[in-house]
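Data from work-v5.cif: mmCIF, C-alpha atoms
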```
data_target
loop_
_atom_site.label_atom_id
_atom_site.label_comp_id
_atom_site.auth_asym_id
_atom_site.auth_seq_id
_atom_site.Cartn_x
_atom_site.Cartn_y
_atom_site.Cartn_z
CA MET A 29 6.59 -13.93 13.96
CA GLY A 30 3.21 -12.65 12.79
CA LYS A 31 0.87 -12.81 9.82
CA THR A 32 3.18 -11.14 7.32
CA THR A 33 6.12 -13.40 8.19
CA VAL A 34 3.88 -16.46 7.83
CA ALA A 35 2.64 -15.17 4.46
CA LEU A 36 6.20 -14.56 3.26
CA GLY A 37 7.29 -17.99 4.45
CA LEU A 38 4.39 -19.59 2.60
CA MET A 39 5.28 -17.71 -0.57
CA ALA A 40 8.94 -18.70 -0.21
CA ALA A 41 8.06 -22.37 0.35
CA LEU A 42 5.78 -22.45 -2.69
CA ARG A 43 8.35 -20.76 -4.90
CA ARG A 44 11.07 -23.13 -3.70
CA ARG A 45 8.89 -25.96 -4.96
CA GLY A 46 9.10 -24.43 -8.43
CA LEU A 47 5.66 -22.82 -8.39
CA THR A 48 4.95 -19.38 -9.81
CA VAL A 49 3.35 -17.37 -7.01
CA ALA A 50 1.10 -14.34 -7.53
CA PRO A 51 1.19 -12.22 -4.32
CA PHE A 52 -1.59 -9.93 -3.07
CA LYS A 53 -2.27 -7.91 0.06
CA VAL A 54 -5.70 -6.90 1.35
CA GLY A 55 -5.91 -3.32 2.55
CA PRO A 56 -3.96 -0.06 2.21
CA ASP A 57 -0.37 -1.19 2.63
CA PHE A 58 2.82 -0.24 0.78
CA ILE A 59 5.38 -2.18 2.82
CA ASP A 60 4.14 -5.79 2.78
CA PRO A 61 3.67 -5.88 -1.03
CA GLY A 62 7.30 -4.83 -1.41
CA HIS A 63 8.41 -7.87 0.58
CA HIS A 64 6.00 -10.04 -1.41
CA THR A 65 7.63 -8.81 -4.61
CA GLN A 66 11.09 -9.65 -3.34
CA VAL A 67 10.16 -13.18 -2.26
CA THR A 68 8.05 -14.18 -5.28
CA GLY A 69 9.68 -12.25 -8.13
CA ARG A 70 6.24 -10.87 -9.12
CA VAL A 71 4.94 -7.41 -8.22
CA GLY A 72 2.80 -7.49 -5.06
CA ARG A 73 -0.64 -5.95 -5.63
CA ASN A 74 -3.18 -4.42 -3.27
CA LEU A 75 -6.81 -5.49 -3.09
CA ASP A 76 -9.24 -3.39 -1.08
CA GLY A 77 -12.97 -3.81 -0.51
CA TRP A 78 -13.54 -0.24 0.68
CA MET A 79 -11.38 1.83 -1.64
CA LEU A 80 -12.20 -0.26 -4.72
CA SER A 81 -15.37 -1.85 -6.09
CA ARG A 82 -15.97 -5.58 -6.25
CA ALA A 83 -15.55 -5.46 -10.03
CA ALA A 84 -12.25 -3.58 -9.75
CA ASN A 85 -10.88 -6.10 -7.23
CA LEU A 86 -11.92 -9.06 -9.37
CA ALA A 87 -10.27 -7.47 -12.40
CA LEU A 88 -7.03 -6.77 -10.50
CA PHE A 89 -6.90 -10.27 -9.08
CA THR A 90 -7.67 -11.97 -12.38
CA ARG A 91 -5.21 -9.84 -14.33
CA HIS A 92 -2.30 -10.30 -11.96
CA ALA A 93 -2.94 -13.95 -11.06
CA ALA A 94 -2.83 -14.87 -14.75
CA GLY A 95 0.04 -17.23 -15.52
CA ALA A 96 0.63 -18.13 -11.87
CA ASP A 97 0.40 -21.61 -10.38
CA VAL A 98 -0.90 -20.32 -7.06
CA ALA A 99 -2.08 -17.00 -5.63
CA VAL A 100 -1.41 -16.03 -2.02
CA VAL A 101 -3.50 -13.19 -0.58
CA GLU A 102 -2.27 -11.85 2.76
CA GLY A 103 -5.13 -10.48 4.83
CA VAL A 104 -5.43 -7.24 6.78
CA MET A 105 -5.79 -7.03 10.58
CA GLY A 106 -8.14 -9.76 11.87
CA LEU A 107 -10.19 -11.83 9.46
CA TYR A 108 -13.42 -9.86 9.94
CA ASP A 109 -11.88 -6.42 10.60
CA GLY A 110 -12.41 -3.66 8.06
CA TYR A 111 -13.75 -0.12 7.71
CA GLY A 112 -16.06 -0.29 10.70
CA GLY A 113 -17.56 -2.58 13.29
CA GLY A 114 -20.97 -2.91 11.69
CA ASP A 115 -20.22 -4.56 8.37
CA GLU A 116 -17.53 -6.40 6.42
CA ALA A 117 -16.44 -3.58 4.08
CA GLY A 118 -12.68 -3.64 3.60
CA SER A 119 -12.18 -6.91 5.47
CA THR A 120 -10.25 -10.02 4.50
CA ALA A 121 -13.46 -12.03 4.83
CA GLN A 122 -15.23 -9.84 2.29
CA MET A 123 -12.35 -10.17 -0.16
CA ALA A 124 -12.19 -13.95 0.24
CA LYS A 125 -15.88 -14.23 -0.62
CA TRP A 126 -15.59 -11.82 -3.56
CA LEU A 127 -12.71 -13.83 -5.03
CA GLY A 128 -14.14 -17.23 -4.14
CA LEU A 129 -11.03 -18.18 -2.14
CA PRO A 130 -10.80 -20.28 1.04
CA VAL A 131 -9.08 -18.84 4.11
CA LEU A 132 -6.06 -20.32 5.87
CA LEU A 133 -6.77 -19.13 9.41
CA VAL A 134 -3.53 -18.32 11.23
CA VAL A 135 -4.15 -18.34 14.99
CA SER A 136 -1.66 -17.19 17.60
CA ALA A 137 -1.97 -19.98 20.17
CA ALA A 138 0.55 -18.70 22.71
CA GLY A 139 -0.72 -19.62 26.17
CA MET A 140 -3.80 -21.45 24.82
CA ALA A 141 -4.94 -25.05 24.51
CA ARG A 142 -8.67 -25.87 24.59
CA SER A 143 -9.50 -22.17 24.34
CA ALA A 144 -7.96 -22.12 20.86
CA ALA A 145 -10.70 -24.47 19.66
CA ALA A 146 -13.33 -22.11 21.08
CA LEU A 147 -11.73 -19.25 19.16
CA VAL A 148 -11.70 -21.24 15.90
CA GLN A 149 -15.30 -22.32 16.47
CA GLY A 150 -16.29 -18.67 16.80
CA PHE A 151 -14.59 -17.79 13.51
CA GLU A 152 -16.32 -20.72 11.80
CA ARG A 153 -19.79 -19.67 12.96
CA PHE A 154 -19.41 -15.91 12.57
CA ASP A 155 -19.99 -16.01 8.80
CA PRO A 156 -21.30 -19.30 7.38
CA ALA A 157 -20.73 -18.00 3.82
CA LEU A 158 -16.95 -18.00 4.33
CA ALA A 159 -14.94 -21.08 3.35
CA PHE A 160 -11.87 -22.20 5.30
CA ALA A 161 -8.93 -24.11 3.82
CA GLY A 162 -7.64 -24.96 7.29
CA VAL A 163 -6.16 -23.70 10.53
CA LEU A 164 -2.47 -23.05 11.19
CA PHE A 165 -1.52 -22.40 14.81
CA ASN A 166 1.34 -19.98 15.35
CA ARG A 167 3.68 -19.15 18.26
CA LEU A 168 3.62 -22.64 19.77
CA GLY A 169 5.76 -23.33 22.82
CA SER A 170 6.54 -26.93 21.85
CA ARG A 171 5.39 -29.86 19.72
CA GLY A 172 3.57 -31.13 22.79
CA HIS A 173 1.60 -27.88 22.76
CA LEU A 174 0.37 -28.80 19.27
CA ASP A 175 -0.87 -32.18 20.58
CA TYR A 176 -3.18 -30.41 23.05
CA LEU A 177 -4.46 -28.14 20.27
CA ARG A 178 -5.04 -31.07 17.94
CA GLU A 179 -7.10 -32.85 20.60
CA ALA A 180 -9.22 -29.74 21.22
CA MET A 181 -9.77 -29.12 17.49
CA ALA A 182 -10.91 -32.72 16.93
CA ALA A 183 -13.52 -32.35 19.66
CA TYR A 184 -14.90 -28.88 18.99
CA ALA A 185 -14.05 -27.50 15.52
CA ASP A 186 -14.85 -28.49 11.94
CA THR A 187 -12.03 -26.78 10.07
CA PRO A 188 -9.07 -29.11 9.36
CA LEU A 189 -5.95 -28.48 11.40
CA LEU A 190 -3.03 -28.18 8.95
CA GLY A 191 -0.26 -27.77 11.49
CA GLY A 192 1.50 -25.49 13.92
CA LEU A 193 4.58 -23.29 13.94
CA LEU A 194 6.95 -23.08 16.88
CA ARG A 195 7.72 -19.64 18.25
CA ASP A 196 10.95 -18.39 16.67
CA GLU A 197 11.77 -14.75 17.37
CA ALA A 198 14.84 -14.99 15.13
CA LEU A 199 12.48 -14.92 12.15
CA ALA A 200 10.79 -11.68 13.25
CA MET A 201 11.28 -8.77 10.85
CA PRO A 202 12.43 -5.35 12.12
CA GLU A 203 9.75 -2.69 12.61
CA ARG A 204 9.36 1.02 13.22
CA HIS A 205 6.57 3.60 13.51
CA LEU A 206 4.84 2.86 10.17
CA GLY A 207 5.19 -0.92 10.41
CA LEU A 208 7.84 -3.25 9.05
CA MET A 209 10.99 -1.86 7.51
CA THR A 210 10.71 -1.72 3.73
CA ALA A 211 12.09 -4.31 1.35
CA GLY A 212 14.56 -1.71 0.11
CA GLU A 213 16.03 -1.31 3.59
CA HIS A 214 15.68 -4.84 4.95
CA ALA A 215 16.19 -7.06 1.93
CA LEU A 216 15.52 -10.73 2.52
CA SER A 217 18.54 -12.69 1.35
CA GLU A 218 18.19 -16.03 -0.40
CA ALA A 219 19.29 -17.69 2.82
CA ALA A 220 16.62 -15.80 4.79
CA CYS A 221 13.95 -16.89 2.30
CA HIS A 222 15.09 -20.49 2.72
CA ARG A 223 14.85 -20.16 6.52
CA LEU A 224 11.31 -18.86 6.21
CA ALA A 225 10.42 -21.68 3.82
CA ASP A 226 11.97 -24.25 6.15
CA HIS A 227 9.94 -22.90 9.04
CA ILE A 228 6.68 -23.21 7.09
CA GLU A 229 7.50 -26.68 5.77
CA SER A 230 8.37 -27.83 9.30
CA GLY A 231 4.94 -27.03 10.67
CA LEU A 232 2.40 -26.76 7.85
CA ASP A 233 1.07 -29.67 5.78
CA LEU A 234 1.63 -27.81 2.55
CA ASP A 235 0.64 -30.73 0.32
CA ARG A 236 -2.73 -31.00 2.02
CA LEU A 237 -3.25 -27.23 1.76
CA LEU A 238 -2.48 -27.23 -1.97
CA ALA A 239 -4.70 -30.24 -2.61
CA GLY A 240 -7.71 -28.40 -1.20
CA LEU A 241 -7.33 -25.17 -3.16
CA PRO A 242 -9.55 -24.26 -6.11
CA ASP A 243 -8.03 -23.74 -9.54
CA ILE A 244 -7.21 -20.24 -10.75
CA VAL A 245 -9.84 -19.86 -13.46
CA PRO A 246 -8.77 -17.65 -16.39
CA THR A 247 -11.33 -14.90 -16.98
CA ASP A 248 -11.48 -12.34 -19.73
CA VAL A 249 -10.76 -8.96 -18.20
CA GLU A 250 -10.88 -5.67 -20.02
CA PRO A 251 -7.30 -4.38 -20.18
CA VAL A 252 -6.28 -1.13 -18.54
CA ASN A 253 -6.80 1.27 -21.40
CA CYS A 254 -6.74 5.04 -21.46
CA SER A 255 -5.89 5.22 -25.17
CA LYS A 256 -8.31 8.08 -25.80
CA PHE A 257 -5.92 10.26 -23.79
CA CYS A 258 -2.76 9.00 -25.49
CA THR A 259 -2.48 11.43 -28.40
CA GLU A 260 0.92 12.50 -27.10
CA GLY A 261 3.21 10.96 -24.53
CA VAL A 262 4.56 12.85 -21.53
CA ARG A 263 7.45 12.30 -19.13
CA ILE A 264 6.57 12.23 -15.43
CA GLY A 265 9.33 12.13 -12.85
CA VAL A 266 8.61 9.69 -10.00
CA ALA A 267 10.63 10.09 -6.79
CA ARG A 268 12.08 6.70 -5.82
CA ASP A 269 14.57 6.14 -3.01
CA GLU A 270 14.70 5.33 0.71
CA ALA A 271 12.79 8.52 1.53
CA PHE A 272 10.00 8.11 -1.06
CA CYS A 273 8.84 4.58 -1.75
CA PHE A 274 5.08 4.37 -1.13
CA TYR A 275 3.23 3.92 -4.42
CA TYR A 276 0.37 1.66 -5.48
CA PRO A 277 1.73 -0.14 -8.57
CA ASP A 278 -1.70 0.19 -10.16
CA ASN A 279 -1.51 4.00 -9.87
CA LEU A 280 1.68 3.89 -11.89
CA ASP A 281 0.17 1.45 -14.39
CA LEU A 282 -2.76 3.80 -14.97
CA LEU A 283 -0.39 6.71 -15.63
CA VAL A 284 1.48 4.61 -18.20
CA ALA A 285 -1.81 3.53 -19.80
CA ALA A 286 -2.79 7.19 -20.07
CA GLY A 287 0.38 7.96 -22.03
CA ALA A 288 3.05 8.70 -19.42
CA GLU A 289 6.66 7.63 -19.52
CA LEU A 290 7.74 7.31 -15.89
CA VAL A 291 11.25 8.52 -15.11
CA THR A 292 12.53 7.68 -11.64
CA PHE A 293 14.80 10.04 -9.71
CA SER A 294 16.16 10.32 -6.18
CA PRO A 295 15.62 13.53 -4.17
CA LEU A 296 18.25 12.20 -1.78
CA VAL A 297 21.23 11.78 -4.10
CA ASP A 298 20.53 13.08 -7.61
CA PRO A 299 22.06 16.48 -8.38
CA GLY A 300 18.83 17.73 -9.92
CA LEU A 301 15.69 16.74 -11.78
CA PRO A 302 16.02 14.66 -14.95
CA GLU A 303 15.86 16.63 -18.19
CA GLY A 304 12.68 17.01 -20.20
CA LEU A 305 10.08 16.31 -17.52
CA ASP A 306 6.47 17.40 -17.91
CA GLY A 307 5.32 16.59 -14.38
CA LEU A 308 6.29 15.17 -10.98
CA TYR A 309 4.77 12.51 -8.70
CA ILE A 310 6.28 12.35 -5.21
CA GLY A 311 4.79 9.57 -3.11
CA GLY A 312 4.94 8.86 0.59
CA GLY A 313 7.73 7.32 2.59
CA TYR A 314 10.11 8.44 5.30
CA PRO A 315 11.35 12.00 4.69
CA GLU A 316 11.59 12.44 8.47
CA LEU A 317 14.31 9.77 8.64
CA HIS A 318 16.32 11.44 5.88
CA ALA A 319 15.45 15.08 6.53
CA ALA A 320 19.05 16.28 6.93
CA LYS A 321 20.14 14.64 3.67
CA LEU A 322 17.10 15.94 1.80
CA ALA A 323 17.78 19.43 3.12
CA ALA A 324 21.45 19.21 2.11
CA ASN A 325 20.52 18.54 -1.52
CA ASP A 326 19.97 22.23 -2.31
CA ALA A 327 20.10 21.72 -6.07
CA MET A 328 17.24 19.20 -6.07
CA ARG A 329 15.07 21.31 -3.78
CA ARG A 330 15.71 24.35 -5.96
CA ASP A 331 14.85 22.45 -9.15
CA ILE A 332 11.55 21.25 -7.70
CA LEU A 333 10.58 24.70 -6.43
CA GLU A 334 11.43 26.29 -9.78
CA ALA A 335 9.45 23.64 -11.66
CA SER A 336 6.47 24.23 -9.37
CA ARG A 337 6.63 28.00 -9.81
CA ALA A 338 6.94 27.57 -13.58
CA GLY A 339 3.59 25.77 -13.60
CA MET A 340 4.76 22.17 -13.98
CA PRO A 341 2.14 19.77 -12.59
CA VAL A 342 3.46 18.41 -9.29
CA TYR A 343 1.46 15.87 -7.27
CA ALA A 344 2.59 14.71 -3.82
CA GLU A 345 1.20 12.49 -1.07
CA CYS A 346 2.00 12.31 2.66
CA GLY A 347 5.81 12.14 2.87
CA GLY A 348 6.03 13.75 -0.55
CA PHE A 349 3.74 16.53 0.64
CA MET A 350 5.97 17.07 3.68
CA TYR A 351 8.94 17.41 1.34
CA LEU A 352 7.14 20.10 -0.69
CA CYS A 353 6.49 22.16 2.44
CA ARG A 354 8.76 24.94 3.71
CA GLU A 355 10.28 23.04 6.65
CA LEU A 356 10.20 19.68 8.40
CA GLU A 357 10.65 19.47 12.16
CA ASP A 358 11.90 16.05 13.20
CA SER A 359 11.16 14.21 16.45
CA GLY A 360 14.26 15.71 18.04
CA ALA A 361 13.03 19.26 17.33
CA GLY A 362 15.58 19.75 14.56
CA VAL A 363 14.23 21.90 11.74
CA HIS A 364 15.19 21.11 8.13
CA ALA A 365 14.58 23.19 5.03
CA MET A 366 12.41 21.49 2.42
CA CYS A 367 11.34 22.60 -1.06
CA GLY A 368 9.08 25.52 -0.12
CA CYS A 369 6.29 24.90 -2.64
CA PHE A 370 3.84 25.23 0.26
CA PRO A 371 4.42 27.78 3.06
CA PHE A 372 3.98 25.22 5.83
CA ARG A 373 6.10 23.59 8.49
CA THR A 374 5.31 19.94 9.31
CA ARG A 375 6.25 18.39 12.64
CA MET A 376 6.83 14.75 13.60
CA HIS A 377 5.14 13.53 16.78
CA GLY A 378 5.69 10.54 19.01
CA ARG A 379 2.17 9.26 18.47
CA LEU A 380 -0.07 8.60 15.50
CA LYS A 381 -1.86 11.72 14.23
CA SER A 382 -4.14 10.19 11.62
CA LEU A 383 -5.11 6.71 10.46
CA GLY A 384 -7.99 5.46 8.35
CA TYR A 385 -9.82 5.39 5.07
CA ARG A 386 -10.76 8.66 3.39
CA GLU A 387 -13.17 9.65 0.66
CA VAL A 388 -12.15 12.78 -1.21
CA ARG A 389 -14.49 15.04 -3.16
CA MET A 390 -12.81 17.69 -5.31
CA THR A 391 -14.07 21.18 -4.46
CA GLY A 392 -12.82 22.69 -7.69
CA PRO A 393 -10.49 22.04 -10.63
CA THR A 394 -7.39 20.05 -9.65
CA LEU A 395 -4.61 18.07 -11.29
CA LEU A 396 -6.67 14.94 -10.65
CA GLY A 397 -9.98 16.12 -12.08
CA GLY A 398 -12.73 18.67 -11.82
CA LYS A 399 -15.19 19.72 -9.16
CA ASP A 400 -17.20 16.98 -7.43
CA GLY A 401 -14.95 14.18 -8.65
CA VAL A 402 -14.75 11.50 -5.93
CA VAL A 403 -11.75 9.28 -5.22
CA ARG A 404 -10.88 7.08 -2.25
CA GLY A 405 -7.69 6.56 -0.28
CA HIS A 406 -6.25 6.41 3.22
CA GLU A 407 -4.13 8.31 5.75
CA PHE A 408 -1.41 6.98 8.05
CA HIS A 409 1.04 9.49 9.50
CA TYR A 410 2.74 10.71 12.66
CA SER A 411 3.19 14.31 11.53
CA ASP A 412 0.93 17.30 11.04
CA ILE A 413 1.06 20.91 9.89
CA VAL A 414 2.05 23.25 12.69
CA ASP A 415 2.59 26.52 10.84
CA MET A 416 0.32 27.76 8.02
CA PRO A 417 1.13 31.47 7.54
CA GLN A 418 -1.35 33.41 5.42
CA TRP A 419 -3.16 30.25 4.28
CA SER A 420 -6.92 30.34 3.90
CA PRO A 421 -8.95 27.13 4.37
CA THR A 422 -10.98 28.18 1.32
CA ALA A 423 -7.87 27.47 -0.76
CA THR A 424 -8.05 23.75 -0.07
CA ALA A 425 -8.97 21.44 -2.94
CA TYR A 426 -10.51 18.46 -1.09
CA GLN A 427 -13.60 17.88 1.00
CA VAL A 428 -12.73 14.78 3.01
CA SER A 429 -14.95 12.32 4.85
CA GLY A 430 -13.52 9.52 6.96
CA GLY A 431 -14.17 6.92 9.61
CA SER A 432 -15.24 9.48 12.25
CA GLY A 433 -18.17 10.56 10.08
CA GLY A 434 -17.03 14.19 10.04
CA VAL A 435 -16.13 16.26 6.99
CA THR A 436 -12.89 18.22 6.80
CA THR A 437 -10.98 20.17 4.17
CA GLU A 438 -7.58 19.08 2.89
CA GLY A 439 -5.62 18.95 -0.36
CA TYR A 440 -3.40 22.01 -0.76
CA GLN A 441 -2.97 23.55 -4.18
CA VAL A 442 -0.64 26.27 -5.41
CA ASP A 443 -0.77 26.86 -9.15
CA ARG A 444 -0.39 23.31 -10.57
CA THR A 445 1.13 21.83 -7.43
CA LEU A 446 -1.21 19.63 -5.39
CA GLY A 447 -0.21 18.08 -2.07
CA SER A 448 -2.05 16.12 0.60
CA TYR A 449 -1.56 13.69 3.47
CA ILE A 450 -3.97 11.29 1.77
CA HIS A 451 -2.69 8.36 -0.29
CA LEU A 452 -5.19 8.06 -3.15
CA HIS A 453 -5.90 4.84 -5.03
CA PHE A 454 -6.40 5.87 -8.64
CA VAL A 455 -8.24 2.64 -9.48
CA SER A 456 -11.13 4.01 -7.38
CA ARG A 457 -11.40 6.71 -10.07
CA PRO A 458 -9.13 5.97 -13.08
CA ASP A 459 -9.88 9.41 -14.54
CA CYS A 460 -7.47 10.80 -11.92
CA ALA A 461 -4.49 9.31 -13.75
CA ALA A 462 -5.78 10.49 -17.10
CA ALA A 463 -6.36 14.00 -15.70
CA LEU A 464 -2.82 14.19 -14.31
CA VAL A 465 -1.35 13.10 -17.63
CA SER A 466 -3.56 15.61 -19.48
CA ALA A 467 -2.33 18.40 -17.18
CA CYS A 468 1.28 17.39 -17.92
CA ARG A 469 0.52 17.40 -21.63
CA ALA A 470 -1.00 20.89 -21.45
CA TYR A 471 2.05 22.13 -19.55
CA ARG A 472 4.40 20.69 -22.15
CA ARG A 473 2.52 22.26 -25.03
CA GLY A 474 2.60 25.64 -23.33
CA ARG A 475 6.32 25.31 -22.59
CA ASP A 476 7.08 24.23 -26.16
CA GLN A 477 5.17 27.21 -27.55
CA GLU A 478 7.13 29.59 -25.34
CA GLU A 479 10.43 28.02 -26.34
CA GLY A 480 9.42 27.94 -30.02
#
```
Spit out the file's structure as structure tokens when you get a sec.
Amino acid sequence: MGKTTVALGLMAALRRRGLTVAPFKVGPDFIDPGHHTQVTGRVGRNLDGWMLSRAANLALFTRHAAGADVAVVEGVMGLYDGYGGGDEAGSTAQMAKWLGLPVLLVVSAAGMARSAAALVQGFERFDPALAFAGVLFNRLGSRGHLDYLREAMAAYADTPLLGGLLRDEALAMPERHLGLMTAGEHALSEAACHRLADHIESGLDLDRLLAGLPDIVPTDVEPVNCSKFCTEGVRIGVARDEAFCFYYPDNLDLLVAAGAELVTFSPLVDPGLPEGLDGLYIGGGYPELHAAKLAANDAMRRDILEASRAGMPVYAECGGFMYLCRELEDSGAGVHAMCGCFPFRTRMHGRLKSLGYREVRMTGPTLLGGKDGVVRGHEFHYSDIVDMPQWSPTATAYQVSGGSGGVTTEGYQVDRTLGSYIHLHFVSRPDCAAALVSACRAYRRGRDQEEG
């Protein structure tokens, strides 16, 4: 039972008390916010100190915490971990200071007693500007174990000890290569939420935690507004099923604000694309786990290829990009036909191929904006391209810089179809959403003129 399970249990316990909970997740993560949404009944939102500016994060937090009794922000990695080792960019600590929120430090105390106090003392002293709400020890062997920890904390640490949670592997959530299983696949039942809440209430002094929290202060925030682009609405198909489920909700919100009606469809089971679409957005997910079923849906693959060849704007990320390629080779060496918009084969590997933040500079006109436009995002995938027949690197649309400090080319574009392994956060450059909607609008006008 790790950080995410503790966060979900805390959210469940607060909601069971009748409180409205606003959930947030620090860092580039699609899976945890889905579980947050399920437990709280409010859409989980991402905050990120590297992809997004301080002002953007404050606006997102203020907007989506409005009307809630309490906000719970799950951190990313360790408290001080972020983009690099030399500064706090992208870390939970940075976000806590930006938002003016105290940190509940969750410490895995398995096999520790007095050493746990030394660890807490180090966290306290590392950044004096950071405020702590308290310490919660996790993975305890017994209640007697907590007594040793309490004694050590009283002697060596300043942060209040708010409790400890016994190790309970039955509460662990199932995982696979990209992290936890998604909320769509491993739905937490009402009974499971109650078990999580019971676990938190049994070990955490929740009343004391709540009593020490600051109020959520309402702040005037400029609404998301792309009205200058909204002269005509467009219909954008968004792939949504077990194979394609990785989207930042704020990306979708920006598309709607720019004048898009979002129409969901399933590449797995629908017999074809919905009628009257002006564009497609195919996000990441797990096409490798559903490759045979995706390949078997010939009608859908044919519709997408025909739409791409007809000039419909099609934007795809990571798993969606793999689906737009010619073939997908799974981890068992089985090869499955995909849409064929790009002449590539992608192959799954047994180890991680790419992970980290990315800054993208457009090298020419794209669906997401013109040359030299800069947008930020991240990569996290176990596959790569293994066959690129007759493809020139000069045809790529992105110049990409990342954690290694090197610059590479990425972003593959054929006509108005743009695909990449990079998950972009449109809030880092809201014009991306407006540009995509504008491209869909131009396509619709051209199609209507031809039909008229």
Query raised in the report: Which distance in Å separates atom CA of Tyr314 of chain A and atom CA of Glu345 of chain A, to one decimal?
Result: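 So the answer is 11.7 Å.
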Report task. Could you check how far atom CA of Pro458 of chain A sits from atom CA of Arg389 of chain A, in Å to one decimal? Result ->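 Atom-to-atom, atom CA of Pro458 of chain A to atom CA of Arg389 of chain A, that is 14.5 Å.
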Query raised in the report: Looking at all atoms listed in the file, which of A:Leu383, A:Ala338, A:Ala220, A:Met390 is the one that sits closest to Asp443 of chain A?
Result: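 Residue with the minimum atom-to-atom distance to Asp443 of chain A: A:Ala338.
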**Report entry** Picked residues, the PyMOL selection byres ((chain A and resi 353) around 7), as number ranges by chain
**Finding:** A: 349-352, 354-355, 366-373
Just to be explicit: take each residue in the selection above, keep C-alpha atoms, and write the result as a JSON list (two decimals), in the frame of the given file.
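Now in selection.json:
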```
[["chain", "number", "residue", "atom", "x", "y", "z"],
["A", 349, "PHE", "CA", 3.74, 16.53, 0.64],
["A", 350, "MET", "CA", 5.97, 17.07, 3.68],
["A", 351, "TYR", "CA", 8.94, 17.41, 1.34],
["A", 352, "LEU", "CA", 7.14, 20.10, -0.69],
["A", 354, "ARG", "CA", 8.76, 24.94, 3.71],
["A", 355, "GLU", "CA", 10.28, 23.04, 6.65],
["A", 366, "MET", "CA", 12.41, 21.49, 2.42],
["A", 367, "CYS", "CA", 11.34, 22.60, -1.06],
["A", 368, "GLY", "CA", 9.08, 25.52, -0.12],
["A", 369, "CYS", "CA", 6.29, 24.90, -2.64],
["A", 370, "PHE", "CA", 3.84, 25.23, 0.26],
["A", 371, "PRO", "CA", 4.42, 27.78, 3.06],
["A", 372, "PHE", "CA", 3.98, 25.22, 5.83],
["A", 373, "ARG", "CA", 6.10, 23.59, 8.49]]
```
Query raised in the report: Any idea what's packed within 12 Å of Thr33 of chain A, counting all atoms listed in the file, ignoring anything in its chain fewer than 3 positions away? Could you give it as a PyMOL selection string?
Result: chain A and resi 29-30+36-40+60+63-64+67+102+134+166-167+193+195-202+208+216+220-221+223-225+227-228
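Interatomic distance, atom CA of Leu164 of chain A to atom CA of Leu129 of chain A: 16.6 Å.
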Quick one: residues within 12 Å of (-12.0, -1.1, -8.8) (file frame), counting only C-alpha atoms, please, as a PDB file with C-alpha atoms, in the frame of the given file.
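result-v1.pdb, written as the output of this step:
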```
ATOM      1  CA  ASN A  74      -3.180  -4.420  -3.270  1.00  0.00           C
ATOM      2  CA  LEU A  75      -6.810  -5.490  -3.090  1.00  0.00           C
ATOM      3  CA  ASP A  76      -9.240  -3.390  -1.080  1.00  0.00           C
ATOM      4  CA  GLY A  77     -12.970  -3.810  -0.510  1.00  0.00           C
ATOM      5  CA  TRP A  78     -13.540  -0.240   0.680  1.00  0.00           C
ATOM      6  CA  MET A  79     -11.380   1.830  -1.640  1.00  0.00           C
ATOM      7  CA  LEU A  80     -12.200  -0.260  -4.720  1.00  0.00           C
ATOM      8  CA  SER A  81     -15.370  -1.850  -6.090  1.00  0.00           C
ATOM      9  CA  ARG A  82     -15.970  -5.580  -6.250  1.00  0.00           C
ATOM     10  CA  ALA A  83     -15.550  -5.460 -10.030  1.00  0.00           C
ATOM     11  CA  ALA A  84     -12.250  -3.580  -9.750  1.00  0.00           C
ATOM     12  CA  ASN A  85     -10.880  -6.100  -7.230  1.00  0.00           C
ATOM     13  CA  LEU A  86     -11.920  -9.060  -9.370  1.00  0.00           C
ATOM     14  CA  ALA A  87     -10.270  -7.470 -12.400  1.00  0.00           C
ATOM     15  CA  LEU A  88      -7.030  -6.770 -10.500  1.00  0.00           C
ATOM     16  CA  PHE A  89      -6.900 -10.270  -9.080  1.00  0.00           C
ATOM     17  CA  VAL A 252      -6.280  -1.130 -18.540  1.00  0.00           C
ATOM     18  CA  ASP A 278      -1.700   0.190 -10.160  1.00  0.00           C
ATOM     19  CA  ASN A 279      -1.510   4.000  -9.870  1.00  0.00           C
ATOM     20  CA  VAL A 403     -11.750   9.280  -5.220  1.00  0.00           C
ATOM     21  CA  ARG A 404     -10.880   7.080  -2.250  1.00  0.00           C
ATOM     22  CA  HIS A 453      -5.900   4.840  -5.030  1.00  0.00           C
ATOM     23  CA  PHE A 454      -6.400   5.870  -8.640  1.00  0.00           C
ATOM     24  CA  VAL A 455      -8.240   2.640  -9.480  1.00  0.00           C
ATOM     25  CA  SER A 456     -11.130   4.010  -7.380  1.00  0.00           C
ATOM     26  CA  ARG A 457     -11.400   6.710 -10.070  1.00  0.00           C
ATOM     27  CA  PRO A 458      -9.130   5.970 -13.080  1.00  0.00           C
TER      28      PRO A 458
END
```
Report task. Please write the residues picked by the PyMOL selection byres ((chain A and resi 448-451) around 6) on this file as an MDAnalysis selection string. Result -> chainID A and resid 345:346 349 405:407 439 447 452
